[in-house]
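Source file: start-v8.cif (mmCIF, C-alpha atoms and all ligand atoms)
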```cif
data_my_file
loop_
_atom_site.label_atom_id
_atom_site.label_comp_id
_atom_site.auth_asym_id
_atom_site.auth_seq_id
_atom_site.Cartn_x
_atom_site.Cartn_y
_atom_site.Cartn_z
CA MET X 1 0.00 0.00 0.00
CA SER X 2 1.30 3.46 -0.87
CA VAL X 3 1.83 5.98 1.92
CA LYS X 4 -1.01 8.00 0.43
CA GLU X 5 -3.40 5.05 0.86
CA GLU X 6 -2.16 4.53 4.43
CA ALA X 7 -2.57 8.24 5.14
CA LYS X 8 -6.12 8.15 3.74
CA ASN X 9 -6.90 5.26 6.07
CA LEU X 10 -5.65 7.27 9.03
CA LEU X 11 -7.79 10.25 8.07
CA GLY X 12 -10.76 7.87 7.71
CA LYS X 13 -10.09 6.64 11.24
CA GLY X 14 -10.40 10.12 12.71
CA MET X 15 -6.90 11.54 12.43
CA ASP X 16 -6.99 15.30 11.88
CA GLY X 17 -4.03 15.49 9.54
CA VAL X 18 -1.01 13.61 8.25
CA LEU X 19 2.38 15.33 8.22
CA PHE X 20 4.68 14.72 5.29
CA TYR X 21 6.02 16.65 2.29
CA GLN X 22 4.25 18.43 -0.49
CA MET X 23 5.93 18.83 -3.87
CA LYS X 24 6.20 22.45 -4.97
CA ASP X 25 8.17 23.46 -8.07
CA GLY X 26 10.22 20.29 -7.80
CA SER X 27 11.05 20.79 -4.12
CA ALA X 28 9.70 18.88 -1.16
CA ILE X 29 8.36 21.14 1.61
CA PRO X 30 6.77 20.07 4.90
CA HIS X 31 2.96 20.01 4.77
CA LEU X 32 0.08 18.78 6.89
CA PHE X 33 -2.35 16.92 4.65
CA THR X 34 -6.03 16.81 5.55
CA SER X 35 -8.97 15.15 3.81
CA LYS X 36 -9.11 18.24 1.56
CA ASP X 37 -5.76 17.75 -0.12
CA ILE X 38 -4.69 14.20 0.71
CA ASP X 39 -4.86 13.26 -2.97
CA GLU X 40 -1.86 15.49 -3.57
CA MET X 41 0.38 13.57 -1.18
CA PRO X 42 3.46 12.45 -3.16
CA ASP X 43 5.02 9.02 -3.05
CA VAL X 44 8.08 8.63 -0.83
CA ARG X 45 10.30 8.10 -3.87
CA GLU X 46 9.42 11.57 -5.19
CA ILE X 47 11.06 13.25 -2.20
CA PRO X 48 14.61 14.34 -3.18
CA ASP X 49 17.20 12.79 -0.85
CA SER X 50 18.67 16.19 -0.13
CA GLU X 51 15.39 17.63 1.16
CA ARG X 52 14.82 16.38 4.70
CA TYR X 53 13.28 18.60 7.36
CA PRO X 54 12.76 18.12 11.13
CA LEU X 55 9.26 16.63 10.81
CA SER X 56 9.33 15.32 14.40
CA ASP X 57 9.88 18.84 15.68
CA ILE X 58 7.01 20.14 13.55
CA LEU X 59 4.82 17.32 14.91
CA SER X 60 5.71 18.33 18.46
CA LYS X 61 4.71 21.93 17.72
CA LEU X 62 1.42 20.82 16.15
CA LEU X 63 0.54 18.58 19.12
CA MET X 64 1.12 21.49 21.47
CA ARG X 65 -0.83 23.99 19.39
CA PHE X 66 -3.79 21.72 18.64
CA SER X 67 -4.08 20.12 22.03
CA SER X 68 -6.84 17.65 21.23
CA ALA X 69 -5.99 16.82 17.61
CA LYS X 70 -4.54 13.54 16.42
CA PHE X 71 -1.88 13.38 13.75
CA GLY X 72 -0.35 10.88 11.42
CA ILE X 73 3.21 11.28 10.20
CA VAL X 74 5.01 9.68 7.29
CA ALA X 75 8.40 9.11 8.87
CA ARG X 76 11.92 8.00 8.09
CA GLY X 77 14.08 6.11 10.56
CA CYS X 78 15.59 9.31 11.96
CA ASP X 79 12.14 10.97 12.30
CA GLU X 80 10.94 7.95 14.29
CA ARG X 81 14.03 7.93 16.53
CA ALA X 82 13.49 11.62 17.24
CA ILE X 83 9.81 11.02 18.08
CA ILE X 84 10.74 8.20 20.48
CA GLU X 85 13.37 10.37 22.16
CA LEU X 86 11.07 13.42 22.31
CA GLU X 87 8.42 11.33 24.02
CA LYS X 88 10.92 10.43 26.74
CA HIS X 89 11.33 14.15 27.36
CA GLN X 90 7.56 14.79 27.41
CA GLN X 91 7.71 16.75 24.15
CA ILE X 92 5.44 14.43 22.16
CA ASP X 93 2.31 12.63 23.29
CA THR X 94 2.47 9.53 21.11
CA SER X 95 -1.05 8.46 22.11
CA ARG X 96 -2.16 11.13 19.62
CA VAL X 97 0.27 10.06 16.89
CA SER X 98 0.16 7.31 14.23
CA LEU X 99 3.28 6.60 12.31
CA ILE X 100 3.58 5.46 8.70
CA GLY X 101 7.15 4.34 8.21
CA PHE X 102 9.36 4.17 5.16
CA ALA X 103 12.95 3.32 4.34
CA CYS X 104 15.40 5.79 2.85
CA SER X 105 17.18 5.07 -0.41
CA PRO X 106 20.50 3.19 -0.02
CA GLU X 107 22.22 6.25 -1.53
CA LEU X 108 20.82 8.55 1.16
CA ALA X 109 21.64 6.05 3.91
CA LYS X 110 25.22 6.15 2.68
CA ILE X 111 25.41 9.95 2.54
CA CYS X 112 23.95 10.12 6.06
CA SER X 113 26.19 7.32 7.37
CA CYS X 114 22.95 6.05 8.88
CA SER X 115 22.98 2.72 10.65
CA LYS X 116 19.17 2.45 10.69
CA PRO X 117 17.68 4.18 7.62
CA TYR X 118 14.19 2.73 8.19
CA THR X 119 11.47 2.69 10.83
CA GLU X 120 10.96 -0.11 13.34
CA SER X 121 7.91 -1.40 11.47
CA LEU X 122 10.23 -2.29 8.58
CA ALA X 123 13.12 -3.68 10.64
CA ASP X 124 12.32 -7.30 9.83
CA GLU X 125 12.49 -6.72 6.09
CA MET X 126 15.77 -4.85 6.25
CA ASN X 127 19.33 -6.09 6.27
CA GLU X 128 21.18 -6.16 9.54
CA ALA X 129 22.22 -2.63 10.49
CA GLN X 130 25.81 -1.85 9.65
CA GLU X 131 28.24 -0.20 11.98
CA ILE X 132 28.97 3.04 10.30
CA SER X 133 31.81 5.46 10.70
CA ARG X 134 30.96 9.09 11.27
CA GLY X 135 34.44 10.32 10.66
CA ILE X 136 35.28 9.68 14.31
CA GLU X 137 38.07 7.22 13.56
CA SER X 138 39.90 9.53 11.18
CA VAL X 139 39.82 12.31 13.78
CA GLU X 140 40.95 9.95 16.52
CA ARG X 141 43.90 8.80 14.45
CA MET X 142 45.30 12.34 14.59
CA SER X 143 47.89 13.25 17.19
CA THR X 144 46.49 15.20 20.13
CA PRO X 145 47.82 18.60 18.95
CA ALA X 146 46.58 17.92 15.41
CA ARG X 147 43.16 16.93 16.70
CA LEU X 148 42.97 20.05 18.85
CA GLY X 149 43.98 22.13 15.84
CA PHE X 150 41.37 20.37 13.71
CA TRP X 151 38.55 21.27 16.07
CA LEU X 152 39.76 24.77 16.87
CA SER X 153 40.04 25.65 13.20
CA ASN X 154 36.57 24.24 12.58
CA PHE X 155 35.10 26.17 15.51
CA SER X 156 36.80 29.36 14.33
CA VAL X 157 34.65 29.52 11.17
CA CYS X 158 31.33 29.30 13.04
CA VAL X 159 29.09 32.26 12.14
CA LYS X 160 26.77 31.66 15.13
CA CYS X 161 23.73 31.39 12.91
CA MET X 162 22.21 29.04 15.48
CA GLY X 163 21.06 26.86 12.59
CA CYS X 164 22.43 23.74 14.28
CA ARG X 165 20.31 24.41 17.33
CA ASN X 166 17.26 25.67 15.45
CA ILE X 167 16.94 22.74 13.09
CA CYS X 168 17.72 20.06 15.68
CA PRO X 169 14.55 18.11 16.55
CA LEU X 170 15.96 17.35 19.99
CA CYS X 171 16.72 20.97 20.90
CA PHE X 172 13.51 21.93 22.62
CA CYS X 173 14.56 23.89 25.72
CA LYS X 174 12.80 27.22 26.23
CA GLU X 175 15.95 28.72 27.71
CA CYS X 176 19.10 27.92 25.76
CA SER X 177 22.50 27.70 27.41
CA LEU X 178 24.04 28.99 24.15
CA GLN X 179 22.34 32.32 24.89
CA ASP X 180 23.56 32.49 28.48
CA GLU X 181 25.75 35.61 28.67
CA ASP X 182 27.91 34.03 31.40
CA LEU X 183 28.78 31.13 29.12
CA VAL X 184 28.80 32.60 25.62
CA GLU X 185 29.52 36.28 25.23
CA SER X 186 26.97 37.86 22.90
CA GLY X 187 27.89 39.92 19.86
CA VAL X 188 31.24 38.19 19.34
CA LEU X 189 32.21 36.11 16.32
CA PRO X 190 33.20 33.35 16.23
CA PRO X 191 31.29 32.49 19.41
CA SER X 192 33.37 31.54 22.48
CA ILE X 193 35.80 28.81 21.46
CA PRO X 194 35.42 26.02 22.42
CA THR X 195 32.61 26.68 24.95
CA PHE X 196 29.85 27.26 22.40
CA HIS X 197 30.43 23.96 20.59
CA LEU X 198 31.18 21.91 23.65
CA LEU X 199 28.03 23.19 25.36
CA ARG X 200 25.94 22.00 22.47
CA ALA X 201 27.81 18.72 22.30
CA ILE X 202 27.19 18.08 26.00
CA ASP X 203 23.52 19.01 25.65
CA MET X 204 23.19 16.52 22.82
CA ALA X 205 24.73 13.67 24.81
CA GLY X 206 22.02 11.08 25.35
CA ARG X 207 19.64 12.92 23.01
CA CYS X 208 21.18 13.13 19.52
CA VAL X 209 19.53 10.66 17.14
CA MET X 210 22.13 11.22 14.40
CA CYS X 211 19.71 12.66 11.87
CA GLY X 212 22.46 14.91 10.50
CA LEU X 213 20.16 17.90 9.99
CA CYS X 214 22.53 20.16 11.98
CA GLU X 215 25.49 19.36 9.79
CA GLU X 216 23.38 19.88 6.65
CA ALA X 217 22.19 23.29 7.91
CA CYS X 218 25.65 24.53 8.94
CA PRO X 219 26.79 27.19 6.45
CA ALA X 220 30.33 26.85 7.79
CA GLY X 221 30.60 23.14 6.97
CA ILE X 222 31.62 22.13 10.50
CA PRO X 223 31.55 18.31 10.95
CA LEU X 224 29.02 18.55 13.77
CA ARG X 225 27.92 14.94 13.59
CA THR X 226 31.45 13.75 14.17
CA LEU X 227 31.49 15.85 17.33
CA TYR X 228 28.08 14.74 18.58
CA GLY X 229 28.80 11.20 17.39
CA LYS X 230 31.81 11.06 19.70
CA VAL X 231 29.75 12.31 22.64
CA SER X 232 27.08 9.73 21.82
CA GLU X 233 29.77 7.05 21.72
CA ILE X 234 30.76 7.95 25.27
CA VAL X 235 27.14 7.79 26.46
CA ARG X 236 26.73 4.42 24.74
CA GLU X 237 29.89 2.97 26.24
CA GLU X 238 29.54 4.41 29.73
CA LEU X 239 25.79 4.32 30.21
CA GLY X 240 24.71 1.76 27.61
CA TYR X 241 22.19 4.18 26.15
CA VAL X 242 21.40 4.80 22.48
CA PRO X 243 18.97 7.72 21.99
CA GLY X 244 15.85 6.94 19.98
CA THR X 245 15.56 3.35 21.23
CA ARG X 246 12.07 2.36 22.29
CA GLY X 247 11.45 0.76 25.67
CA VAL X 248 14.75 1.79 27.22
CA LYS X 249 14.86 4.50 29.82
CA SER X 250 17.07 7.47 29.03
CA PRO X 251 19.63 8.23 31.73
CA LEU X 252 18.36 11.82 31.42
CA GLU X 253 14.85 10.75 32.40
CA GLU X 254 16.16 10.45 35.94
CA LEU X 255 16.49 14.21 35.98
CA GLY X 256 13.28 15.77 37.15
CA SER X 257 11.93 12.49 38.52
CA SER X 258 12.05 11.67 42.23
CA VAL X 259 15.84 11.58 42.13
CA GLY X 260 17.15 14.92 43.25
CA SER X 261 13.72 16.30 44.19
CA ASP X 262 13.45 19.03 46.78
CA ASP X 263 12.51 16.47 49.45
CA ASP X 264 15.67 14.48 48.81
CA LEU X 265 17.71 17.60 49.20
CA LYS X 266 16.09 18.47 52.51
CA SER X 267 16.50 15.04 54.10
CA MET S 1 -11.44 14.53 15.32
CA ILE S 2 -11.49 18.26 15.98
CA ASP S 3 -12.82 21.04 13.79
CA GLU S 4 -11.09 20.57 10.46
CA GLU S 5 -10.95 24.25 9.68
CA MET S 6 -8.70 24.70 12.67
CA VAL S 7 -6.02 22.14 11.94
CA ASP S 8 -3.78 23.68 9.35
CA TYR S 9 0.00 23.65 8.86
CA ARG S 10 1.79 24.51 5.68
CA THR S 11 5.15 25.88 4.63
CA VAL S 12 5.38 28.74 2.18
CA PRO S 13 8.54 29.14 0.07
CA THR S 14 9.82 32.69 0.05
CA VAL S 15 12.98 34.76 -0.17
CA CYS S 16 14.71 36.05 2.95
CA PRO S 17 13.98 39.79 3.26
CA TYR S 18 17.18 40.69 5.10
CA CYS S 19 19.70 41.20 2.34
CA GLY S 20 20.28 41.01 -1.37
CA ALA S 21 21.72 37.49 -1.22
CA GLY S 22 18.14 36.26 -1.42
CA CYS S 23 18.39 32.98 0.47
CA GLY S 24 15.49 30.58 0.17
CA MET S 25 13.37 30.10 3.23
CA LEU S 26 10.12 28.44 4.15
CA LEU S 27 7.70 30.24 6.41
CA GLU S 28 5.87 27.82 8.69
CA VAL S 29 2.23 28.89 8.72
CA CYS S 30 -0.32 27.52 11.16
CA SER S 31 -3.92 28.60 10.54
CA GLY S 32 -2.74 31.81 8.88
CA GLU S 33 -0.18 32.67 11.53
CA VAL S 34 3.58 32.54 10.90
CA ILE S 35 5.03 30.33 13.63
CA GLY S 36 8.55 29.79 12.37
CA VAL S 37 11.04 29.62 9.55
CA LEU S 38 13.04 26.82 7.96
CA PRO S 39 15.92 27.06 5.50
CA MET S 40 14.80 25.94 2.05
CA LYS S 41 16.68 22.75 1.31
CA GLY S 42 16.23 22.75 -2.44
CA HIS S 43 17.30 26.37 -2.96
CA PRO S 44 20.01 26.65 -5.62
CA SER S 45 22.17 29.22 -3.83
CA SER S 46 21.50 29.00 -0.09
CA LYS S 47 21.25 25.19 -0.16
CA GLY S 48 19.46 24.67 3.12
CA SER S 49 21.33 27.17 5.25
CA LEU S 50 20.43 30.56 6.68
CA CYS S 51 22.40 33.13 8.64
CA ALA S 52 21.46 34.43 12.08
CA LYS S 53 19.31 37.16 10.54
CA GLY S 54 17.38 34.81 8.29
CA TRP S 55 16.73 32.39 11.13
CA SER S 56 15.35 35.17 13.32
CA SER S 57 13.37 36.97 10.61
CA PRO S 58 9.90 35.88 11.85
CA GLU S 59 10.60 37.85 15.03
CA PHE S 60 10.19 41.23 13.35
CA LEU S 61 7.08 40.23 11.41
CA LYS S 62 4.85 41.05 14.33
CA SER S 63 6.98 43.81 15.84
CA SER S 64 4.98 46.82 16.98
CA ASN S 65 7.86 49.02 15.77
CA ARG S 66 7.18 48.15 12.16
CA LEU S 67 6.00 50.87 9.84
CA ALA S 68 2.79 49.30 8.59
CA LYS S 69 1.16 52.40 7.07
CA ALA S 70 2.37 55.27 4.92
CA ILE S 71 3.18 58.34 7.00
CA LEU S 72 3.37 61.83 5.54
CA ARG S 73 5.41 64.52 7.24
CA GLU S 74 4.07 67.99 6.49
CA GLU S 75 5.53 71.02 8.20
CA GLY S 76 7.01 68.81 10.89
CA GLU S 77 3.71 67.09 11.54
CA GLU S 78 3.38 63.37 10.86
CA LYS S 79 0.10 61.93 9.71
CA GLU S 80 -1.08 58.59 8.39
CA VAL S 81 -2.12 58.54 4.74
CA SER S 82 -3.26 55.78 2.41
CA LEU S 83 -0.62 54.04 0.33
CA GLU S 84 -2.35 55.24 -2.85
CA SER S 85 -2.19 58.89 -1.90
CA ALA S 86 1.42 58.53 -0.71
CA LEU S 87 2.43 56.99 -4.04
CA GLY S 88 0.41 59.64 -5.86
CA LEU S 89 2.37 62.32 -4.07
CA VAL S 90 5.68 60.71 -5.03
CA VAL S 91 4.66 60.48 -8.71
CA GLU S 92 3.45 64.06 -8.75
CA ASN S 93 6.62 65.48 -7.22
CA LEU S 94 8.95 63.27 -9.21
CA ASN S 95 7.32 64.43 -12.44
CA ARG S 96 7.37 68.03 -11.29
CA VAL S 97 11.11 68.01 -10.45
CA LEU S 98 12.00 66.10 -13.62
CA GLU S 99 10.11 68.56 -15.79
CA LYS S 100 11.49 71.61 -14.12
CA TYR S 101 15.13 70.63 -13.40
CA GLY S 102 15.82 67.54 -15.51
CA PRO S 103 17.17 64.05 -14.73
CA GLU S 104 20.24 65.23 -12.81
CA ALA S 105 17.97 66.67 -10.14
CA VAL S 106 16.55 63.35 -9.00
CA GLY S 107 18.10 60.31 -7.39
CA PHE S 108 17.06 56.91 -6.15
CA ILE S 109 18.16 54.97 -3.11
CA SER S 110 17.60 51.26 -3.14
CA SER S 111 17.99 48.86 -0.26
CA ALA S 112 20.12 45.93 0.75
CA ARG S 113 16.95 44.50 2.20
CA CYS S 114 15.28 44.24 -1.18
CA THR S 115 15.78 41.24 -3.37
CA ASN S 116 18.28 41.31 -6.19
CA GLU S 117 15.37 41.51 -8.62
CA GLU S 118 13.74 44.46 -6.86
CA ASN S 119 17.03 46.36 -6.92
CA TYR S 120 17.37 45.56 -10.61
CA LEU S 121 13.90 46.96 -11.24
CA LEU S 122 14.70 50.21 -9.45
CA GLU S 123 17.90 50.54 -11.41
CA LYS S 124 15.91 50.06 -14.65
CA PHE S 125 13.36 52.61 -13.46
CA ALA S 126 16.05 55.18 -12.66
CA ARG S 127 17.89 54.79 -15.95
CA THR S 128 15.01 54.28 -18.38
CA PHE S 129 12.18 56.31 -16.88
CA ALA S 130 14.02 59.11 -15.07
CA LYS S 131 17.05 58.84 -17.40
CA THR S 132 19.48 59.37 -14.56
CA ASN S 133 22.49 57.48 -13.27
CA ASN S 134 21.83 58.78 -9.76
CA ILE S 135 21.16 55.51 -8.04
CA ASP S 136 22.74 54.14 -4.91
CA HIS S 137 21.87 51.85 -2.07
CA CYS S 138 21.64 52.08 1.68
CA ALA S 139 24.56 49.71 2.29
CA ARG S 140 27.12 52.29 1.12
CA LEU S 141 27.69 53.67 4.57
S1 LIG F 301 22.31 14.97 14.31
FE1 LIG F 301 22.28 17.15 14.84
S2 LIG F 301 20.17 17.84 14.38
FE2 LIG F 301 20.11 15.57 14.50
S3 LIG F 301 19.57 15.08 16.63
FE3 LIG F 301 21.84 15.09 16.51
S4 LIG F 301 22.43 17.19 17.11
FE4 LIG F 301 20.23 17.24 16.60
S1 LIG F 302 25.08 25.83 12.17
FE1 LIG F 302 27.34 25.93 12.00
S2 LIG F 302 27.81 28.15 11.77
FE2 LIG F 302 25.69 28.00 12.53
S3 LIG F 302 25.92 28.17 14.79
FE3 LIG F 302 25.88 25.97 14.29
S4 LIG F 302 28.04 25.41 14.07
FE4 LIG F 302 27.96 27.67 13.97
#
```

Any chance you could put this one into structure tokens?
Amino acid sequence: MSVKEEAKNLLGKGMDGVLFYQMKDGSAIPHLFTSKDIDEMPDVREIPDSERYPLSDILSKLLMRFSSAKFGIVARGCDERAIIELEKHQQIDTSRVSLIGFACSPELAKICSCSKPYTESLADEMNEAQEISRGIESVERMSTPARLGFWLSNFSVCVKCMGCRNICPLCFCKECSLQDEDLVESGVLPPSIPTFHLLRAIDMAGRCVMCGLCEEACPAGIPLRTLYGKVSEIVREELGYVPGTRGVKSPLEELGSSVGSDDDLKS
Amino acid sequence: MIDEEMVDYRTVPTVCPYCGAGCGMLLEVCSGEVIGVLPMKGHPSSKGSLCAKGWSSPEFLKSSNRLAKAILREEGEEKEVSLESALGLVVENLNRVLEKYGPEAVGFISSARCTNEENYLLEKFARTFAKTNNIDHCARL
């Protein structure tokens, strides 16, 4: 069944809209389809590989804005991982979401260095996930001074557009540490080296689902996924956690739960 | 299912208004209200990136400091006028000065916040209609 047929079924079952892409002048742009325009929903193969957007983040915004509506979403592997992770941080109420999954083209999976370019519903049909390099090894092979130089020269070309933060589906905080005057001085370019980039890397630890949207949006061409990939590697090795995995508690979920509550502090 | 009229989200391709580079952006529109911006991935020149100004452009859309109406200053007094009458006044005075003093007496100032195409049009207007080379832009500070 095509995703359009599946989306029609969801609308028939009372969903208010299905989020995917609309084709406009040859480009794919995010769009919420309703029963009025569902016939215009394109097939997944029509979506150019280079045109991915943070659909999970858009879904989160829609759920908050339309607080009783139900939505479907046509999702890639990285969209699904982001949705799973966002739910753990109470940013998405999945009881109001139905997911139609699809697999990315092998070409895109390669460009993204994605180890799971499909949704869980398709996992059985897919080949065993491959361990994929994110450029971490080549950076780690450098001598310490060379590696330091590599990162410092990359950080020095940052134009502080905030694109990496803005496009990231997992960056949902209302107050952003990157805008904290005590940490990152405002009005200075490049932004505080290396604080700005390390702050974001630390914030992404245990959250980053390796969608690569930040790296794609960076006008300075900084290998952000290599940086966040390394931080993720540490979280995986030390805490055994891979963000975007269903049924596993995030080590960050402990924050804000009973651990460290005011009562604990008093006793 | 909730009221269908209410649930609406679309993205509208447009050009960033901040400078002449003309990066492609998508305005995120929810039931007629702009709620955000995304860099346009398929854009031939900006290729899915925006600068700090482009990313924050929706912020000024609803700013109360924006000049939303034409304002005429007469003898130091400012008053709101319709766009039609403001443009009429410009045409009238432009023609009057051109007739009386010739093309060298008028000049045009374009803007770095217009698109490349809009600046081109003003340049054409200056040279072909007013027949003057007196054209400059606000970025020459
Ligand atoms: S790859 Fe970048 S945009 Fe995607 S989740 Fe990780 S930090 Fe966010
Ligand atoms: S997207 Fe790139 S240039 Fe922009 S703030 Fe992030 S790292 Fe810096």

### Query
What is the distance between atom CA of S:Glu123 and atom CA of S:Tyr101, in Å to one decimal?
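Computing the Euclidean distance for atom CA of S:Glu123 and atom CA of S:Tyr101 yields 20.4 Å.
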
### Task
Find the residues in chain X near chain S: any atom within 6 Å counts, using only C-alpha atoms. Write them as a list of chain:residue names.
X:Gly14, X:Asp16, X:Ser27, X:His31, X:Leu32, X:Glu51, X:Ala69, X:Cys161, X:Ala217, X:Pro219

Quick one: write out the picked residues with C-alpha atoms as a short mmCIF file (atom, residue, chain, number, x, y, z; two decimals), keeping the file's coordinate frame?
```cif
data_model
loop_
_atom_site.label_atom_id
_atom_site.label_comp_id
_atom_site.auth_asym_id
_atom_site.auth_seq_id
_atom_site.Cartn_x
_atom_site.Cartn_y
_atom_site.Cartn_z
CA GLY X 14 -10.40 10.12 12.71
CA ASP X 16 -6.99 15.30 11.88
CA SER X 27 11.05 20.79 -4.12
CA HIS X 31 2.96 20.01 4.77
CA LEU X 32 0.08 18.78 6.89
CA GLU X 51 15.39 17.63 1.16
CA ALA X 69 -5.99 16.82 17.61
CA CYS X 161 23.73 31.39 12.91
CA ALA X 217 22.19 23.29 7.91
CA PRO X 219 26.79 27.19 6.45
#
```

### Task
Grab me every residue within 6 Å of ligand LIG 302 (chain F), counting only C-alpha atoms and all ligand atoms, and send it over as a list in words.
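Every residue with an atom at most 6 Å from ligand LIG 302 (chain F) is listed here: Cys158, Val159, Lys160, Cys161, Met162, Gly163, Cys164, Ala217, Cys218, Pro219, Ala220 and Ile222 of chain X.
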
### Task
Give the residues close to ligand LIG 301 (chain F), within 9 Å, counting only C-alpha atoms and all ligand atoms; write them as a VMD selection string.
chain X and resid 54 78 82 164 to 171 200 to 201 203 to 205 207 to 217 224 to 225 228 to 229

### d(atom CA of S:Ser57, atom CA of S:Asp136) in Å
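One can read the atom CA of S:Ser57 to atom CA of S:Asp136 distance as 25.0 Å.
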
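The space between atom CA of X:Arg246 and atom CA of X:Leu122 spans 14.6 Å.
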
List the neighbours of S:Lys79 out to 10 Å using all atoms listed in the file; skip same-chain residues closer than 6 positions along the sequence, and give me the result as a CSV table (one decimal) with C-alpha atoms, in the coordinates of the input.
```
chain,number,residue,atom,x,y,z
S,69,LYS,CA,1.2,52.4,7.1
S,70,ALA,CA,2.4,55.3,4.9
S,71,ILE,CA,3.2,58.3,7.0
S,72,LEU,CA,3.4,61.8,5.5
S,73,ARG,CA,5.4,64.5,7.2
```

### Query
Skipping near chain neighbours, those fewer than 5 positions away, what residues fall within 9 Å of stretch 45-50 of chain X using only C-alpha atoms, listed as a PyMOL selection string?
(chain X and resi 21-23+26-28+104-105+107-108) or (chain S and resi 41-42)

Saved selection, atoms kept: C-alpha atoms, as a short mmCIF file (atom, residue, chain, number, x, y, z; two decimals), keeping the file's coordinate frame:
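The result, stored in selection.cif:
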```
data_model
loop_
_atom_site.label_atom_id
_atom_site.label_comp_id
_atom_site.auth_asym_id
_atom_site.auth_seq_id
_atom_site.Cartn_x
_atom_site.Cartn_y
_atom_site.Cartn_z
CA TYR X 21 6.02 16.65 2.29
CA GLN X 22 4.25 18.43 -0.49
CA MET X 23 5.93 18.83 -3.87
CA GLY X 26 10.22 20.29 -7.80
CA SER X 27 11.05 20.79 -4.12
CA ALA X 28 9.70 18.88 -1.16
CA CYS X 104 15.40 5.79 2.85
CA SER X 105 17.18 5.07 -0.41
CA GLU X 107 22.22 6.25 -1.53
CA LEU X 108 20.82 8.55 1.16
CA LYS S 41 16.68 22.75 1.31
CA GLY S 42 16.23 22.75 -2.44
#
```

### Message
Taking all atoms listed in the file into account, name the residue in S:Ala126, S:Leu27, S:Ala112, S:Leu83 that is nearest to S:Leu98.
### Response
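For S:Leu98, the nearest of the given residues is S:Ala126.
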
### Query
For S:Thr14, which residue out of X:Ala123, X:Ile100, X:Ile29, X:Leu19 is the nearest one, using all atoms listed in the file?
X:Ile29
